[in-house]
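Next up, model_19.cif (mmCIF, C-alpha atoms):
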data_upload
loop_
_atom_site.label_atom_id
_atom_site.label_comp_id
_atom_site.auth_asym_id
_atom_site.auth_seq_id
_atom_site.Cartn_x
_atom_site.Cartn_y
_atom_site.Cartn_z
CA MET A 1 11.26 -8.79 -12.56
CA GLY A 2 8.76 -7.07 -10.27
CA LEU A 3 4.99 -7.01 -10.45
CA TYR A 4 4.69 -3.53 -11.91
CA GLU A 5 7.48 -4.01 -14.43
CA ARG A 6 5.68 -7.03 -15.88
CA TRP A 7 2.20 -5.52 -15.64
CA CYS A 8 2.46 -1.89 -16.75
CA GLU A 9 4.19 0.68 -18.89
CA SER A 10 5.31 3.53 -16.67
CA THR A 11 6.13 7.19 -17.11
CA LYS A 12 8.16 8.77 -14.31
CA GLU A 13 8.79 12.48 -14.06
CA LYS A 14 10.92 14.12 -11.40
CA ASP A 15 11.39 17.76 -10.46
CA LYS A 16 13.71 18.02 -7.47
CA ARG A 17 11.81 16.21 -4.71
CA LYS A 18 8.53 15.90 -6.61
CA HIS A 19 7.76 12.64 -8.41
CA TYR A 20 4.86 12.12 -10.83
CA TRP A 21 4.39 8.50 -11.84
CA THR A 22 1.74 7.06 -14.16
CA TYR A 23 1.19 3.42 -15.06
CA VAL A 24 -0.90 1.90 -17.86
CA GLU A 25 -1.44 -1.82 -18.37
CA LYS A 26 0.65 -3.46 -21.07
CA ASP A 27 -0.96 -5.66 -23.70
CA GLY A 28 -1.04 -9.04 -22.01
CA GLY A 29 0.33 -7.57 -18.79
CA ARG A 30 -2.66 -8.52 -16.69
CA ASP A 31 -2.51 -12.14 -17.79
CA GLU A 32 1.21 -12.12 -16.98
CA ILE A 33 0.71 -11.09 -13.35
CA SER A 34 -2.79 -12.32 -12.46
CA GLY A 35 -1.59 -15.44 -10.64
CA ASP A 36 1.11 -13.59 -8.73
CA LEU A 37 -1.26 -10.74 -7.87
CA ALA A 38 -3.83 -13.20 -6.53
CA GLU A 39 -1.17 -14.66 -4.25
CA THR A 40 -0.07 -11.18 -3.22
CA ILE A 41 -3.66 -10.30 -2.28
CA ARG A 42 -3.87 -13.45 -0.14
CA SER A 43 -0.63 -12.56 1.61
CA HIS A 44 -2.05 -9.22 2.75
CA TYR A 45 -4.86 -10.97 4.63
CA ASP A 46 -2.96 -13.93 6.05
CA ARG A 47 0.47 -15.55 6.01
CA LEU A 48 0.87 -17.80 2.99
CA GLU A 49 2.33 -20.57 5.12
CA ARG A 50 -0.77 -20.49 7.34
CA ILE A 51 -3.03 -20.78 4.29
CA ALA A 52 -0.90 -23.73 3.11
CA GLU A 53 -1.32 -25.38 6.52
CA ASP A 54 -5.10 -24.99 6.24
CA VAL A 55 -5.01 -26.64 2.82
CA GLU A 56 -2.95 -29.55 4.13
CA ARG A 57 -5.19 -30.09 7.16
CA LEU A 58 -8.62 -29.32 5.72
CA GLY A 59 -8.40 -29.39 1.95
CA TYR A 60 -8.71 -26.64 -0.63
CA THR A 61 -12.44 -25.97 -0.28
CA VAL A 62 -12.45 -25.43 3.49
CA ALA A 63 -9.18 -23.50 3.40
CA ALA A 64 -10.69 -21.18 0.77
CA LYS A 65 -13.70 -20.59 3.02
CA ILE A 66 -11.42 -19.59 5.90
CA LEU A 67 -9.49 -17.19 3.68
CA SER A 68 -12.69 -15.72 2.26
CA GLU A 69 -13.85 -14.82 5.77
CA ALA A 70 -10.91 -12.40 6.03
CA MET A 71 -11.58 -10.70 2.69
CA PRO A 72 -14.15 -7.98 2.04
CA GLN A 73 -17.21 -9.05 0.08
CA THR A 74 -18.48 -5.62 -0.96
CA ALA A 75 -17.27 -3.85 -4.10
CA LYS A 76 -16.37 -0.75 -2.07
CA GLY A 77 -14.42 -2.74 0.51
CA ARG A 78 -12.49 -4.64 -2.12
CA SER A 79 -11.69 -1.47 -4.05
CA GLY A 80 -10.29 0.26 -0.96
CA ASP A 81 -8.27 -2.75 0.14
CA LEU A 82 -6.81 -3.38 -3.31
CA GLY A 83 -5.69 0.25 -3.47
CA GLU A 84 -3.71 -0.24 -0.26
CA ILE A 85 -2.30 -3.57 -1.48
CA LEU A 86 -1.12 -2.14 -4.79
CA ALA A 87 0.35 0.91 -3.06
CA THR A 88 2.27 -1.28 -0.62
CA GLU A 89 3.74 -3.36 -3.44
CA LEU A 90 4.76 -0.23 -5.35
CA VAL A 91 6.57 1.26 -2.34
CA GLU A 92 8.57 -1.90 -1.83
CA GLU A 93 9.26 -2.46 -5.53
CA ASP A 94 10.07 1.05 -6.74
CA ILE A 95 11.07 3.12 -3.70
CA GLY A 96 12.99 0.60 -1.64
CA LEU A 97 11.36 1.20 1.72
CA ARG A 98 9.52 -1.61 3.46
CA VAL A 99 5.89 -1.56 4.48
CA PRO A 100 6.71 -3.82 7.40
CA VAL A 101 3.20 -4.67 8.61
CA ARG A 102 0.40 -6.02 6.41
CA ARG A 103 -2.28 -4.16 8.30
CA LEU A 104 -5.25 -5.76 6.49
CA ARG A 105 -4.57 -8.85 8.59
CA TYR A 106 -5.72 -6.88 11.63
CA LYS A 107 -9.08 -5.49 10.45
CA ASP A 108 -11.96 -5.39 12.94
CA GLY A 109 -14.37 -6.50 10.23
CA ARG A 110 -13.70 -7.64 6.70
CA ASN A 111 -15.97 -5.02 5.10
CA MET A 112 -14.82 -2.17 7.34
CA ALA A 113 -12.16 0.39 6.43
CA MET A 114 -9.30 0.68 8.91
CA ARG A 115 -8.60 3.98 10.59
CA GLY A 116 -5.26 5.77 10.42
CA ASP A 117 -2.67 6.12 7.67
CA ASP A 118 -3.33 3.78 4.75
CA PHE A 119 0.27 2.60 4.58
CA ILE A 120 3.58 3.48 6.21
CA GLY A 121 6.92 2.78 4.57
CA ALA A 122 9.93 2.53 6.84
CA GLY A 123 13.65 1.98 6.57
CA TYR A 124 17.00 3.63 7.01
CA GLY A 125 18.58 6.14 4.67
CA GLY A 126 20.73 9.20 4.20
CA LYS A 127 24.43 9.43 4.93
CA ASP A 128 23.78 8.57 8.55
CA GLU A 129 21.56 5.55 7.72
CA LYS A 130 18.97 6.63 10.24
CA LEU A 131 15.21 6.21 10.30
CA TRP A 132 13.31 7.26 7.17
CA LEU A 133 9.53 7.12 6.78
CA LEU A 134 6.92 7.39 4.05
CA LYS A 135 3.33 8.33 4.87
CA GLY A 136 0.84 7.11 2.27
CA GLU A 137 -2.77 7.58 1.29
CA ALA A 138 -4.37 5.24 -1.26
CA LYS A 139 -7.51 5.89 -3.30
CA SER A 140 -9.22 3.47 -5.68
CA ASN A 141 -12.04 4.86 -7.81
CA LYS A 142 -13.91 3.98 -10.98
CA LYS A 143 -13.79 7.69 -11.72
CA LEU A 144 -11.12 9.74 -9.97
CA GLY A 145 -11.86 13.43 -9.39
CA LYS A 146 -10.58 16.53 -7.65
CA SER A 147 -12.54 16.05 -4.43
CA THR A 148 -10.91 12.65 -3.84
CA VAL A 149 -7.45 14.06 -4.48
CA ASN A 150 -8.05 17.02 -2.16
CA SER A 151 -9.34 14.69 0.55
CA ALA A 152 -6.23 12.51 0.30
CA ARG A 153 -3.92 15.51 0.51
CA LYS A 154 -5.67 16.74 3.67
CA VAL A 155 -5.01 13.38 5.29
CA LEU A 156 -1.34 13.50 4.29
CA ASP A 157 -0.98 17.02 5.69
CA ARG A 158 -2.60 16.35 9.06
CA ASP A 159 -0.42 15.93 12.13
CA SER A 160 2.02 18.37 10.53
CA GLY A 161 2.68 15.84 7.78
CA ARG A 162 3.86 13.19 10.23
CA CYS A 163 2.58 9.65 10.38
CA THR A 164 -0.29 9.68 12.84
CA PRO A 165 0.87 8.48 16.27
CA ASP A 166 -1.71 5.69 16.49
CA SER A 167 -0.73 4.33 13.07
CA LEU A 168 2.99 4.47 13.81
CA LEU A 169 2.50 2.88 17.21
CA PHE A 170 0.44 0.07 15.67
CA VAL A 171 3.27 -0.77 13.26
CA ALA A 172 5.89 -0.46 16.00
CA ASN A 173 4.09 -2.80 18.36
CA ARG A 174 3.57 -5.47 15.69
CA LEU A 175 7.31 -5.38 14.93
CA LEU A 176 8.17 -5.64 18.61
CA GLU A 177 6.10 -8.85 18.77
CA SER A 178 8.39 -10.48 16.19
CA ASN A 179 11.13 -12.98 17.00
CA ASP A 180 13.43 -11.24 14.50
CA PRO A 181 15.97 -8.89 16.16
CA ALA A 182 16.02 -6.62 13.09
CA GLU A 183 12.24 -6.26 13.23
CA ASN A 184 12.49 -5.50 16.94
CA ALA A 185 15.09 -2.81 16.31
CA LEU A 186 12.92 -1.08 13.69
CA GLY A 187 9.91 -1.38 15.96
CA ARG A 188 11.82 0.25 18.80
CA ASP A 189 12.92 3.13 16.55
CA LEU A 190 9.34 3.66 15.40
CA ARG A 191 8.03 3.54 18.96
CA ASP A 192 10.65 6.05 20.06
CA GLU A 193 9.64 8.34 17.21
CA VAL A 194 6.06 8.37 18.49
CA GLY A 195 7.37 9.87 21.72
CA VAL A 196 10.24 12.13 20.70
CA LYS A 197 9.08 13.20 17.20
CA SER A 198 12.69 13.82 16.20
CA LEU A 199 12.41 13.21 12.46
CA ARG A 200 12.54 16.32 10.31
CA ALA A 201 10.03 16.77 7.51
CA ASP A 202 12.70 15.93 4.94
CA ARG A 203 12.83 12.36 6.31
CA ILE A 204 9.07 11.79 6.14
CA ASP A 205 8.08 11.41 2.49
CA HIS A 206 4.49 11.47 1.22
CA MET A 207 2.76 9.32 -1.39
CA LEU A 208 -0.67 10.00 -2.88
CA PHE A 209 -1.46 6.73 -4.64
CA THR A 210 -4.47 6.31 -6.95
CA VAL A 211 -5.84 3.54 -9.11
CA SER A 212 -8.71 4.53 -11.36
CA GLY A 213 -10.73 3.73 -14.44
CA ASN A 214 -10.38 7.20 -15.94
CA GLY A 215 -6.61 7.50 -15.64
CA PRO A 216 -4.69 10.41 -14.12
CA HIS A 217 -7.09 13.28 -13.45
CA ALA A 218 -5.68 16.79 -13.94
CA SER A 219 -6.05 17.43 -10.21
CA LEU A 220 -3.17 15.03 -9.52
CA ARG A 221 -0.71 17.24 -11.36
CA GLU A 222 -2.19 20.32 -9.71
CA ASP A 223 -1.82 18.71 -6.31
CA LEU A 224 1.84 17.90 -6.89
CA ASP A 225 2.56 21.40 -8.21
CA ALA A 226 1.09 22.87 -5.02
CA ALA A 227 3.02 20.55 -2.68
CA GLY A 228 5.95 21.85 -0.67
CA THR A 229 9.61 21.10 -1.34
CA ASN A 230 10.68 20.03 2.13
CA ARG A 231 10.15 16.30 1.50
CA ASP A 232 9.85 13.82 -1.34
CA HIS A 233 6.32 13.78 -2.76
CA TYR A 234 5.14 10.87 -4.88
CA VAL A 235 1.90 11.29 -6.81
CA VAL A 236 0.95 8.07 -8.57
CA ASN A 237 -1.84 6.84 -10.82
CA ILE A 238 -2.48 3.31 -12.06
CA HIS A 239 -4.91 3.43 -14.99
CA VAL A 240 -7.10 0.32 -15.16
CA GLU A 241 -9.87 1.02 -17.64
CA ASP A 242 -12.24 -1.75 -16.47
CA HIS A 243 -11.58 -0.81 -12.86
CA GLN A 244 -14.48 -2.63 -11.20
CA ASP A 245 -14.27 -5.77 -13.34
CA PHE A 246 -10.53 -5.92 -12.64
CA ILE A 247 -11.08 -5.81 -8.88
CA ALA A 248 -13.79 -8.47 -9.00
CA ALA A 249 -11.61 -10.77 -11.10
CA MET A 250 -8.56 -10.33 -8.88
CA TYR A 251 -10.50 -11.19 -5.71
CA GLN A 252 -12.13 -14.16 -7.40
CA GLY A 253 -8.66 -15.40 -8.25
CA ALA A 254 -7.37 -14.72 -4.74
CA GLU A 255 -10.22 -16.69 -3.14
CA ASP A 256 -9.77 -19.66 -5.48
CA LEU A 257 -7.18 -21.94 -3.92
CA GLY A 258 -7.82 -24.80 -6.32
CA ASP A 259 -9.89 -27.96 -6.15
CA ALA A 260 -7.38 -30.72 -5.68
#
Written as structure tokens, how would this file's structure read?
Amino acid sequence: MGLYERWCESTKEKDKRKHYWTYVEKDGGRDEISGDLAETIRSHYDRLERIAEDVERLGYTVAAKILSEAMPQTAKGRSGDLGEILATELVEEDIGLRVPVRRLRYKDGRNMAMRGDDFIGAGYGGKDEKLWLLKGEAKSNKKLGKSTVNSARKVLDRDSGRCTPDSLLFVANRLLESNDPAENALGRDLRDEVGVKSLRADRIDHMLFTVSGNGPHASLREDLDAAGTNRDHYVVNIHVEDHQDFIAAMYQGAEDLGDA
């Protein structure tokens, strides 16, 4: 059972290619997934096997210090990062595309936001099983409002709705560095797409992902209603009432590797 299935009650509405998804925490859901979510957060900043190697060589306390150096220490930085992490997990759990590169591992500074698309889903689909992409923008706010939603939509619409070339090339090059032939093949297809731009709009889906303390603002529905019909649009809200306390607790758990 996936993270979201254990954590939240969901409502999913679909009108042709428009998807409106809302999630609310179940009673006891947070306790159910807190340990797994802490590990998931760690995995977005470093490989779990590398963290385990640090523990074996240096002990839990020093390994935790190393991991902490990769994680943001400001409330704003943690909020933004956790939005991207939760969005990535949702894409892989509920849409079936991969987000093949954990880009938070490559930040210039732990408290700095990364430039480019927040997350890119990739895979193969359709009758021809050819390249399929998802361009995503993630927002995490104590209080979500119309200006934030409008700002996210502008980002999704730029570059004619395509993944920005620098973001796509970043993902492609990381995959081409892998020793896995399947990763190399996907990386090559993504790199080719940067040059030839052959994908039609109907193979580049969009997701506007939000996590907020005030739940789904009316502007989310308005945004989806105004979206075009030439691609799949996913508009998502995760309602976490104690938004800031939740983020602080999840990062505290992620940084705590134990004391053995």
List the residues selected by the PyMOL selection byres ((chain A and resi 209-225) around 8) in the file shown, writing them as a PyMOL selection string.
chain A and resi 18+20+22+83+87+136-146+149-150+153+207-208+226-227+233-243
Which residue of A:Phe119, A:Tyr124, A:Tyr23, A:Tyr60 approaches A:Arg203 most closely, using all atoms listed in the file
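Using all atoms listed in the file, A:Arg203 sits closest to A:Tyr124.
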Pick out the residues sitting within 12 Å of A:Lys107, and hand them over as a PyMOL selection string; count only C-alpha atoms, and ignore anything fewer than 2 positions along from it in its own chain.
chain A and resi 44-46+69-72+77+81+102-105+109-116
Can you translate the PyMOL selection byres ((chain A and resi 93) around 12) into the concrete residues it hits in this file, as a PyMOL selection string?
chain A and resi 1-6+86-92+94-99+121
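Taken over the whole file, the PyMOL selection byres ((chain A and resi 229) around 9) covers exactly Lys16, Arg17, Lys18, Asp202, Ala227, Gly228, Asn230, Arg231, Asp232 and His233 of chain A.
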Top pick for closest residue to A:Ala248, considering A:Ser79, A:Thr61, A:Ser68, A:Thr11 and counting only C-alpha atoms:
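Distance minimum relative to A:Ala248 lands on A:Ser79.
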Might you pull out every residue within 8 Å of stretch 252-258 of chain A, with only C-alpha atoms counted and same-chain residues fewer than 6 positions away left off, and present them as an mmCIF file with C-alpha atoms, keeping the file's coordinate frame?
data_model
loop_
_atom_site.group_PDB
_atom_site.id
_atom_site.type_symbol
_atom_site.label_atom_id
_atom_site.label_comp_id
_atom_site.auth_asym_id
_atom_site.auth_seq_id
_atom_site.Cartn_x
_atom_site.Cartn_y
_atom_site.Cartn_z
ATOM 1 C CA SER A 34 -2.790 -12.320 -12.460
ATOM 2 C CA GLY A 35 -1.590 -15.440 -10.640
ATOM 3 C CA LEU A 37 -1.260 -10.740 -7.870
ATOM 4 C CA ALA A 38 -3.830 -13.200 -6.530
ATOM 5 C CA GLU A 39 -1.170 -14.660 -4.250
ATOM 6 C CA ILE A 41 -3.660 -10.300 -2.280
ATOM 7 C CA ARG A 42 -3.870 -13.450 -0.140
ATOM 8 C CA TYR A 60 -8.710 -26.640 -0.630
ATOM 9 C CA THR A 61 -12.440 -25.970 -0.280
ATOM 10 C CA ALA A 63 -9.180 -23.500 3.400
ATOM 11 C CA ALA A 64 -10.690 -21.180 0.770
ATOM 12 C CA LEU A 67 -9.490 -17.190 3.680
ATOM 13 C CA SER A 68 -12.690 -15.720 2.260
#
Go ahead and compute the interatomic distance for atom CA of A:Glu183 and atom CA of A:Gly125, in Å to one decimal.
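Separating atom CA of A:Glu183 from atom CA of A:Gly125 is a distance of 16.3 Å.
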Nearest residue to A:Asp192 out of A:Asp108, A:Thr148, A:Leu169, A:Thr40, using all atoms listed in the file?
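Of A:Asp108, A:Thr148, A:Leu169, A:Thr40, the one nearest A:Asp192 is A:Leu169, counting all atoms listed in the file.
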Quick one: residues within 9 Å of A:Ile247, all atoms listed in the file, excluding same-chain residues fewer than 6 positions away - as a list in words?
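Answer for this query is Ala75, Arg78, Ser79 and Leu82 of chain A.
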For the residues in that selection, give me C-alpha atoms as a PDB file, keeping the file's coordinate frame.
ATOM      1  CA  ALA A  75     -17.270  -3.850  -4.100  1.00  0.00           C
ATOM      2  CA  ARG A  78     -12.490  -4.640  -2.120  1.00  0.00           C
ATOM      3  CA  SER A  79     -11.690  -1.470  -4.050  1.00  0.00           C
ATOM      4  CA  LEU A  82      -6.810  -3.380  -3.310  1.00  0.00           C
TER       5      LEU A  82
END
In Å to one decimal, how far is atom CA of A:Ser10 from atom CA of A:Ser43?
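Spanning atom CA of A:Ser43 to atom CA of A:Ser10 is a straight-line distance of 25.1 Å.
Nearest residue to A:Tyr251 among A:Glu53, A:Gly29, A:Asp166, A:Thr74 is A:Thr74, counting all atoms listed in the file.
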Residue with the minimum atom-to-atom distance to A:Phe170, picked from A:Asp128, A:Asp117, A:Ala185, A:Asp205 with only C-alpha atoms counted, is A:Asp117
Working from the structure I just supplied, which lacks atoms in stretch 196-211 of chain A, can you model N, CA and C atoms there and output them as a PDB file, in the frame of the given file?
ATOM      1  N   VAL A 196       9.312  10.994  20.796  1.00  0.00           N
ATOM      2  CA  VAL A 196      10.240  12.130  20.700  1.00  0.00           C
ATOM      3  C   VAL A 196      10.013  13.002  19.469  1.00  0.00           C
ATOM      4  N   LYS A 197       9.361  12.430  18.431  1.00  0.00           N
ATOM      5  CA  LYS A 197       9.080  13.200  17.200  1.00  0.00           C
ATOM      6  C   LYS A 197      10.334  13.941  16.708  1.00  0.00           C
ATOM      7  N   SER A 198      11.413  13.207  16.551  1.00  0.00           N
ATOM      8  CA  SER A 198      12.690  13.820  16.200  1.00  0.00           C
ATOM      9  C   SER A 198      12.930  13.943  14.702  1.00  0.00           C
ATOM     10  N   LEU A 199      12.164  13.179  13.902  1.00  0.00           N
ATOM     11  CA  LEU A 199      12.410  13.210  12.460  1.00  0.00           C
ATOM     12  C   LEU A 199      11.988  14.542  11.860  1.00  0.00           C
ATOM     13  N   ARG A 200      12.891  15.110  11.054  1.00  0.00           N
ATOM     14  CA  ARG A 200      12.540  16.320  10.310  1.00  0.00           C
ATOM     15  C   ARG A 200      11.617  15.966   9.155  1.00  0.00           C
ATOM     16  N   ALA A 201      10.947  16.991   8.629  1.00  0.00           N
ATOM     17  CA  ALA A 201      10.030  16.770   7.510  1.00  0.00           C
ATOM     18  C   ALA A 201      10.731  16.136   6.323  1.00  0.00           C
ATOM     19  N   ASP A 202      12.002  16.452   6.114  1.00  0.00           N
ATOM     20  CA  ASP A 202      12.700  15.930   4.940  1.00  0.00           C
ATOM     21  C   ASP A 202      13.045  14.449   5.058  1.00  0.00           C
ATOM     22  N   ARG A 203      12.658  13.811   6.162  1.00  0.00           N
ATOM     23  CA  ARG A 203      12.830  12.360   6.310  1.00  0.00           C
ATOM     24  C   ARG A 203      11.476  11.664   6.452  1.00  0.00           C
ATOM     25  N   ILE A 204      10.407  12.381   6.137  1.00  0.00           N
ATOM     26  CA  ILE A 204       9.070  11.790   6.140  1.00  0.00           C
ATOM     27  C   ILE A 204       8.430  12.100   4.789  1.00  0.00           C
ATOM     28  N   ASP A 205       8.610  11.203   3.834  1.00  0.00           N
ATOM     29  CA  ASP A 205       8.080  11.410   2.490  1.00  0.00           C
ATOM     30  C   ASP A 205       6.577  11.165   2.459  1.00  0.00           C
ATOM     31  N   HIS A 206       5.928  11.662   1.414  1.00  0.00           N
ATOM     32  CA  HIS A 206       4.490  11.470   1.220  1.00  0.00           C
ATOM     33  C   HIS A 206       4.220  10.796  -0.119  1.00  0.00           C
ATOM     34  N   MET A 207       3.231   9.900  -0.131  1.00  0.00           N
ATOM     35  CA  MET A 207       2.760   9.320  -1.390  1.00  0.00           C
ATOM     36  C   MET A 207       1.243   9.418  -1.458  1.00  0.00           C
ATOM     37  N   LEU A 208       0.748   9.996  -2.550  1.00  0.00           N
ATOM     38  CA  LEU A 208      -0.670  10.000  -2.880  1.00  0.00           C
ATOM     39  C   LEU A 208      -0.837   9.008  -4.025  1.00  0.00           C
ATOM     40  N   PHE A 209      -1.372   7.845  -3.698  1.00  0.00           N
ATOM     41  CA  PHE A 209      -1.460   6.730  -4.640  1.00  0.00           C
ATOM     42  C   PHE A 209      -2.909   6.577  -5.097  1.00  0.00           C
ATOM     43  N   THR A 210      -3.118   6.493  -6.412  1.00  0.00           N
ATOM     44  CA  THR A 210      -4.470   6.310  -6.950  1.00  0.00           C
ATOM     45  C   THR A 210      -4.476   5.217  -7.989  1.00  0.00           C
ATOM     46  N   VAL A 211      -5.585   4.481  -8.020  1.00  0.00           N
ATOM     47  CA  VAL A 211      -5.840   3.540  -9.110  1.00  0.00           C
ATOM     48  C   VAL A 211      -7.255   3.851  -9.581  1.00  0.00           C
TER      49      VAL A 211
END
